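Engineer: My questions will all concern the structure given below.
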Amino acid sequence: MASYSQGLLFAILACACVLSTLAARDLADDRSIVARHEQWMAKYGRVYSGIAEKAQRLEVFKANVAFIESVNAGTDKFWLEANQFADITDDEFRATHTGYKAPVGGNKGRKTGFRYANVSLDALPTSMDWRTKGAVTPIKDQGQCGCCWAFSTVASMEGIVKLSTGKLISLSEQELVDCDVDGMDQGCEGGLMDNAFEFIINNGGLTTEGNYPYTGTDGSCNSNKESNAAASIKGYEDVPANDEASLQKAVAAQPVSVAVDGGDNLFRFYKGGVLSGDCGTELDHGIAVVGYGVASDGTKYWVMKNSWGTSWGENGFIRMERDVADEQGLCGLAMQPSYPTA
Ligand SMILES: *[C@@H]1O[C@H](CO)[C@@H](O)[C@H](O)[C@H]1NC(C)=O
């Protein structure tokens with residue numbers, strides 16, 4: 001009897017002991033996430049308005065870090081990072097760092113030619129990297145302005161201008177933000193690459209980044225700068241939708257603008273490797289395909305140029321799995337690709 005109660009007592013104490021250990025660990029976790037948030041704030045120069053905002057941002061940071069760590073603990077071929085976007089919510093992120101307005105009904109209402117239709121897939125190189133061919137300018141940063149569409153447009157235009165003239169010229173996103181405002185394109189409030197190509201054609205070209213530098217805010221159109229075009233395009237074409245083989249034909253020939261679900265947390269927090277898995281297809285972000293290749297383990301990928309600065313992803317670029325089972329492509333990348341023609 002005595003030994004039974006002693007056993008019971010022991011059990012209760014052991015249990016209490018475990019509970020208090022758990023509580024201590026929670027507290028330590030809390031302290032460590034607070035410390036990590038502080039370090040993160042220092043790294044990214046984040047300043048909050050006061051204690052209330054800091055507490056609220058800490059909660060968002062905590063949830064984002066939990067997501068990032070759960071993905072990194074898995075066996076994926078890519079990894080995520082608590083980057084500069086780690087203290088904002090999904091909605092805040094989509095509103096301020098993307099900006100692609102998907103056309104109603106997709107690109108299907110309009111028929112453009114597809115000049116690479118008859119290219120033989122067998123004749124394509126197994127890899128292509130327009131960066132090494134001098135057709136890609138350094139990574140840019142759209143900041144807190146939803147004008148990804150302007151950066152995507154300019155990236156593929158810089159490519160075709162280099163291929164047709166031999167000159168790599170950094171072109172002006174701000175001109176599109178300020179001057180391409182009479183249609184769907186609305187500066188930091190979003191836009192569409194095809195509409196921007198149309199604006200550039202009608203406008204007789206685009207001026208340089210240096211002449212009309214990026215400010216990250218909506219401004220009024222400077223017509224003196226606007227009239228000083230440095231490069232032009234003749235037209236633009238849509239790649240057949242939901243067809244990665246056609247996309248490869250186009251990318252083998254020139255950089256191509258694409259829309260993706262950039263608000264998906266896998267994309268938002270991407271740090272390195274070949275992104276794959278369960279990414280959404282809610283198209284909200286314009287980027288540019290600047291190459292493709294095959295990783296050492298045989299995984300096929302696209303090389304994409306983003307506009308979130310060089311600390312994001314692989315020095316500002318992302319590799320995304322190519323030829324996935326879903327015909328829309330990873331994160332919807334095959335849904336609405338297009339390119340300018342010279
Ligand atoms: C592709 O080939 C078909 C059949 O020969 C031809 O009708 C079509 O014009 C070609 N398309 C292009 C873009 O060259």
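Letters for chains follow the order of the structure tokens (A, B, ...), residue numbers begin at 1 for each chain, and ligand numbers begin at 1 in the order shown.
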Can you list every residue in segment 42-129 of chain A that DSSP puts in strand (DSSP E), as a VMD selection string?
Structural biologist: chain A and resid 78 to 80 128 to 129
Engineer: Show which residues sit within 8 Å of Asp284 of chain A, as a PyMOL selection string. Count only C-alpha atoms, and ignore same-chain residues fewer than 3 positions away.
Structural biologist: chain A and resi 94+98-102+259-263
Engineer: Mind writing the picked residues with N, CA, C and O atoms as a CSV table (one decimal), in the first residue's frame?
Structural biologist:
```csv
chain,number,residue,atom,x,y,z
A,94,ARG,N,0.9,41.1,-50.5
A,94,ARG,CA,0.3,41.1,-51.8
A,94,ARG,C,0.0,42.6,-52.2
A,94,ARG,O,0.2,43.0,-53.4
A,98,THR,N,3.7,43.1,-55.0
A,98,THR,CA,3.4,42.4,-56.2
A,98,THR,C,2.9,43.4,-57.2
A,98,THR,O,3.6,44.3,-57.7
A,99,GLY,N,1.6,43.2,-57.7
A,99,GLY,CA,1.1,44.2,-58.6
A,99,GLY,C,0.8,43.8,-60.0
A,99,GLY,O,0.7,44.6,-60.9
A,100,TYR,N,0.5,42.5,-60.2
A,100,TYR,CA,0.1,42.0,-61.5
A,100,TYR,C,-1.4,41.9,-61.5
A,100,TYR,O,-2.0,41.3,-60.7
A,101,LYS,N,-2.0,42.6,-62.5
A,101,LYS,CA,-3.5,42.5,-62.7
A,101,LYS,C,-3.8,41.5,-63.8
A,101,LYS,O,-3.6,41.9,-65.0
A,102,ALA,N,-4.2,40.3,-63.4
A,102,ALA,CA,-4.5,39.3,-64.4
A,102,ALA,C,-5.7,39.8,-65.3
A,102,ALA,O,-6.7,40.3,-64.8
A,259,ALA,N,3.8,35.8,-65.4
A,259,ALA,CA,3.1,36.1,-64.1
A,259,ALA,C,3.1,34.9,-63.3
A,259,ALA,O,3.0,33.8,-63.8
A,260,VAL,N,3.3,35.1,-62.0
A,260,VAL,CA,3.3,34.0,-61.0
A,260,VAL,C,2.5,34.4,-59.8
A,260,VAL,O,2.1,35.5,-59.6
A,261,ASP,N,2.2,33.4,-58.9
A,261,ASP,CA,1.6,33.7,-57.6
A,261,ASP,C,2.7,34.1,-56.6
A,261,ASP,O,3.2,33.2,-55.9
A,262,GLY,N,3.1,35.3,-56.7
A,262,GLY,CA,4.3,35.8,-55.9
A,262,GLY,C,3.9,36.0,-54.5
A,262,GLY,O,4.8,36.1,-53.6
A,263,GLY,N,2.6,36.0,-54.2
A,263,GLY,CA,2.2,36.2,-52.8
A,263,GLY,C,2.2,34.9,-52.0
A,263,GLY,O,2.0,34.8,-50.8
```
Engineer: For ligand 1, list the contacting residues at 7 Å or closer, counting only C-alpha atoms and all ligand atoms, as a ChimeraX atom specification.
Structural biologist: /A:113-118
Engineer: Give me the residues within 10 Å of segment 217-233 of chain A as a PyMOL selection string, counting only C-alpha atoms and dropping any in the same chain fewer than 4 places off.
Structural biologist: chain A and resi 142-147+157-158+160-162+164-165+167+169-172+174-181+186-189+197-198+200-209+211-212+340-342
Engineer: I'd like the neighbourhood of Arg131 of chain A as a list in words, where a residue qualifies if any of its atoms comes within 10 Å (using only C-alpha atoms), though same-chain residues fewer than 2 positions away should be ignored.
Structural biologist: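 Listed by chain and then number, they are Met128, Asp129, Lys133, Gly134, Ala135, Val136, Thr137, Pro138, Gly159, Pro255, Val290, Gly291, Val303 and Lys305 of chain A.
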Engineer: Neighbours of Asp278 of chain A within 10 Å (only C-alpha atoms; same-chain residues fewer than 3 positions away dropped), as a list in words?
Structural biologist: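 The contact residues come out as Asp264, Leu266, Leu275, Thr281, Leu330 and Cys331 of chain A.
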Engineer: Store the residues picked out above in a file with N, CA, C and O atoms, as a short mmCIF file (atom, residue, chain, number, x, y, z; two decimals), in the first residue's frame.
Structural biologist:
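File produced: part_10.cif:
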```
data_model
loop_
_atom_site.label_atom_id
_atom_site.label_comp_id
_atom_site.auth_asym_id
_atom_site.auth_seq_id
_atom_site.Cartn_x
_atom_site.Cartn_y
_atom_site.Cartn_z
N ASP A 264 2.36 33.74 -52.75
CA ASP A 264 2.44 32.46 -52.06
C ASP A 264 3.67 32.49 -51.15
O ASP A 264 4.75 32.92 -51.56
N LEU A 266 5.67 30.28 -50.19
CA LEU A 266 6.85 29.55 -50.68
C LEU A 266 7.68 30.47 -51.56
O LEU A 266 8.91 30.48 -51.49
N LEU A 275 12.81 25.72 -56.39
CA LEU A 275 11.49 25.76 -55.75
C LEU A 275 10.56 24.74 -56.41
O LEU A 275 10.52 24.62 -57.64
N THR A 281 -1.79 29.44 -57.72
CA THR A 281 -1.80 29.94 -59.11
C THR A 281 -2.60 31.23 -59.20
O THR A 281 -3.17 31.56 -60.24
N LEU A 330 4.61 25.72 -62.25
CA LEU A 330 4.75 26.01 -60.82
C LEU A 330 4.36 27.47 -60.55
O LEU A 330 4.83 28.38 -61.24
N CYS A 331 3.54 27.68 -59.56
CA CYS A 331 3.04 29.03 -59.19
C CYS A 331 2.33 29.71 -60.37
O CYS A 331 2.25 30.93 -60.43
#
```
Engineer: What's around Glu244 of chain A at 7 Å? Count only C-alpha atoms, leave out sequence neighbours fewer than 6 positions away in its own chain, and write the answer as number ranges by chain.
Structural biologist: A: 323, 329, 334
Engineer: Just list the residues in segment 107-211 of chain A DSSP gives helix (DSSP H, G or I) on the backbone, as a VMD selection string.
Structural biologist: chain A and resid 121 to 123 148 to 165 173 to 179 187 to 189 193 to 203
Engineer: Neighbouring residues of Gly293 of chain A were defined as those with any atom within 9 Å, considering only C-alpha atoms; residues of the same chain fewer than 6 positions away were excluded. Please report them as an MDAnalysis selection string.
Structural biologist: chainID A and resid 126:129 299:303 322
Engineer: Any chance you can output those residues with all heavy atoms as a short mmCIF file (atom, residue, chain, number, x, y, z; two decimals), in the first residue's frame?
Structural biologist:
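Written file, part08.cif:
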```cif
data_model
loop_
_atom_site.label_atom_id
_atom_site.label_comp_id
_atom_site.auth_asym_id
_atom_site.auth_seq_id
_atom_site.Cartn_x
_atom_site.Cartn_y
_atom_site.Cartn_z
N THR A 126 20.07 22.17 -73.93
CA THR A 126 19.54 21.63 -72.67
C THR A 126 19.55 22.69 -71.57
O THR A 126 18.83 22.57 -70.59
CB THR A 126 20.36 20.42 -72.19
OG1 THR A 126 21.73 20.80 -72.16
CG2 THR A 126 20.16 19.23 -73.10
N SER A 127 20.37 23.74 -71.75
CA SER A 127 20.32 24.85 -70.79
C SER A 127 20.57 26.16 -71.51
O SER A 127 21.13 26.18 -72.62
CB SER A 127 21.34 24.64 -69.66
OG SER A 127 22.63 24.79 -70.17
N MET A 128 20.11 27.23 -70.90
CA MET A 128 20.25 28.57 -71.48
C MET A 128 20.31 29.54 -70.30
O MET A 128 19.57 29.38 -69.33
CB MET A 128 19.02 28.85 -72.35
CG MET A 128 18.92 30.25 -72.91
SD MET A 128 20.37 30.76 -73.83
CE MET A 128 20.18 29.81 -75.33
N ASP A 129 21.24 30.49 -70.38
CA ASP A 129 21.30 31.49 -69.32
C ASP A 129 21.62 32.85 -69.95
O ASP A 129 22.76 33.11 -70.34
CB ASP A 129 22.38 31.11 -68.29
CG ASP A 129 22.28 31.96 -67.03
OD1 ASP A 129 21.69 33.07 -67.09
OD2 ASP A 129 22.78 31.53 -65.97
N THR A 299 16.76 17.55 -61.66
CA THR A 299 15.57 18.41 -61.61
C THR A 299 15.70 19.54 -62.63
O THR A 299 16.69 20.26 -62.65
CB THR A 299 15.41 19.04 -60.20
OG1 THR A 299 15.46 18.00 -59.23
CG2 THR A 299 14.09 19.79 -60.09
N LYS A 300 14.68 19.67 -63.47
CA LYS A 300 14.70 20.73 -64.47
C LYS A 300 14.14 22.03 -63.85
O LYS A 300 13.20 21.97 -63.07
CB LYS A 300 13.85 20.33 -65.67
CG LYS A 300 14.43 19.13 -66.42
CD LYS A 300 13.80 18.97 -67.79
CE LYS A 300 12.60 18.06 -67.70
NZ LYS A 300 11.99 17.85 -69.03
N TYR A 301 14.73 23.14 -64.20
CA TYR A 301 14.29 24.41 -63.60
C TYR A 301 14.32 25.57 -64.60
O TYR A 301 15.00 25.51 -65.62
CB TYR A 301 15.15 24.76 -62.38
CG TYR A 301 16.62 24.94 -62.69
CD1 TYR A 301 17.11 26.13 -63.22
CD2 TYR A 301 17.53 23.91 -62.46
CE1 TYR A 301 18.45 26.29 -63.52
CE2 TYR A 301 18.89 24.05 -62.76
CZ TYR A 301 19.33 25.24 -63.29
OH TYR A 301 20.67 25.39 -63.61
N TRP A 302 13.55 26.60 -64.24
CA TRP A 302 13.61 27.89 -64.92
C TRP A 302 14.44 28.84 -64.06
O TRP A 302 14.39 28.73 -62.83
CB TRP A 302 12.20 28.50 -65.05
CG TRP A 302 11.23 27.72 -65.85
CD1 TRP A 302 10.16 27.02 -65.37
CD2 TRP A 302 11.18 27.58 -67.28
NE1 TRP A 302 9.47 26.44 -66.41
CE2 TRP A 302 10.08 26.78 -67.60
CE3 TRP A 302 11.98 28.07 -68.32
CZ2 TRP A 302 9.74 26.44 -68.90
CZ3 TRP A 302 11.66 27.74 -69.63
CH2 TRP A 302 10.55 26.93 -69.91
N VAL A 303 15.14 29.77 -64.68
CA VAL A 303 15.82 30.84 -63.93
C VAL A 303 15.00 32.11 -64.12
O VAL A 303 14.75 32.53 -65.25
CB VAL A 303 17.26 31.10 -64.46
CG1 VAL A 303 17.93 32.18 -63.62
CG2 VAL A 303 18.07 29.82 -64.46
N ARG A 322 10.73 23.12 -63.48
CA ARG A 322 10.24 23.20 -64.86
C ARG A 322 9.59 21.87 -65.25
O ARG A 322 10.00 20.83 -64.75
CB ARG A 322 11.45 23.50 -65.76
CG ARG A 322 11.22 23.58 -67.23
CD ARG A 322 12.40 24.30 -67.89
NE ARG A 322 13.67 23.60 -67.74
CZ ARG A 322 14.17 22.73 -68.64
NH1 ARG A 322 13.51 22.46 -69.73
NH2 ARG A 322 15.35 22.16 -68.44
#
```
Engineer: Restricting the calculation to only C-alpha atoms: of A:His97, A:Lys234, A:Arg31, A:Lys54, which residue gets closest to Gln84 of chain A?
Structural biologist: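 Closest residue, counting only C-alpha atoms: A:His97.
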Engineer: Ranking A:Lys271, A:His285, A:Tyr339, A:Gly309 by minimum distance to Gly235 of chain A and counting only C-alpha atoms, which one comes first?
Structural biologist: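 Selected residue with least distance to Gly235 of chain A: A:Tyr339.
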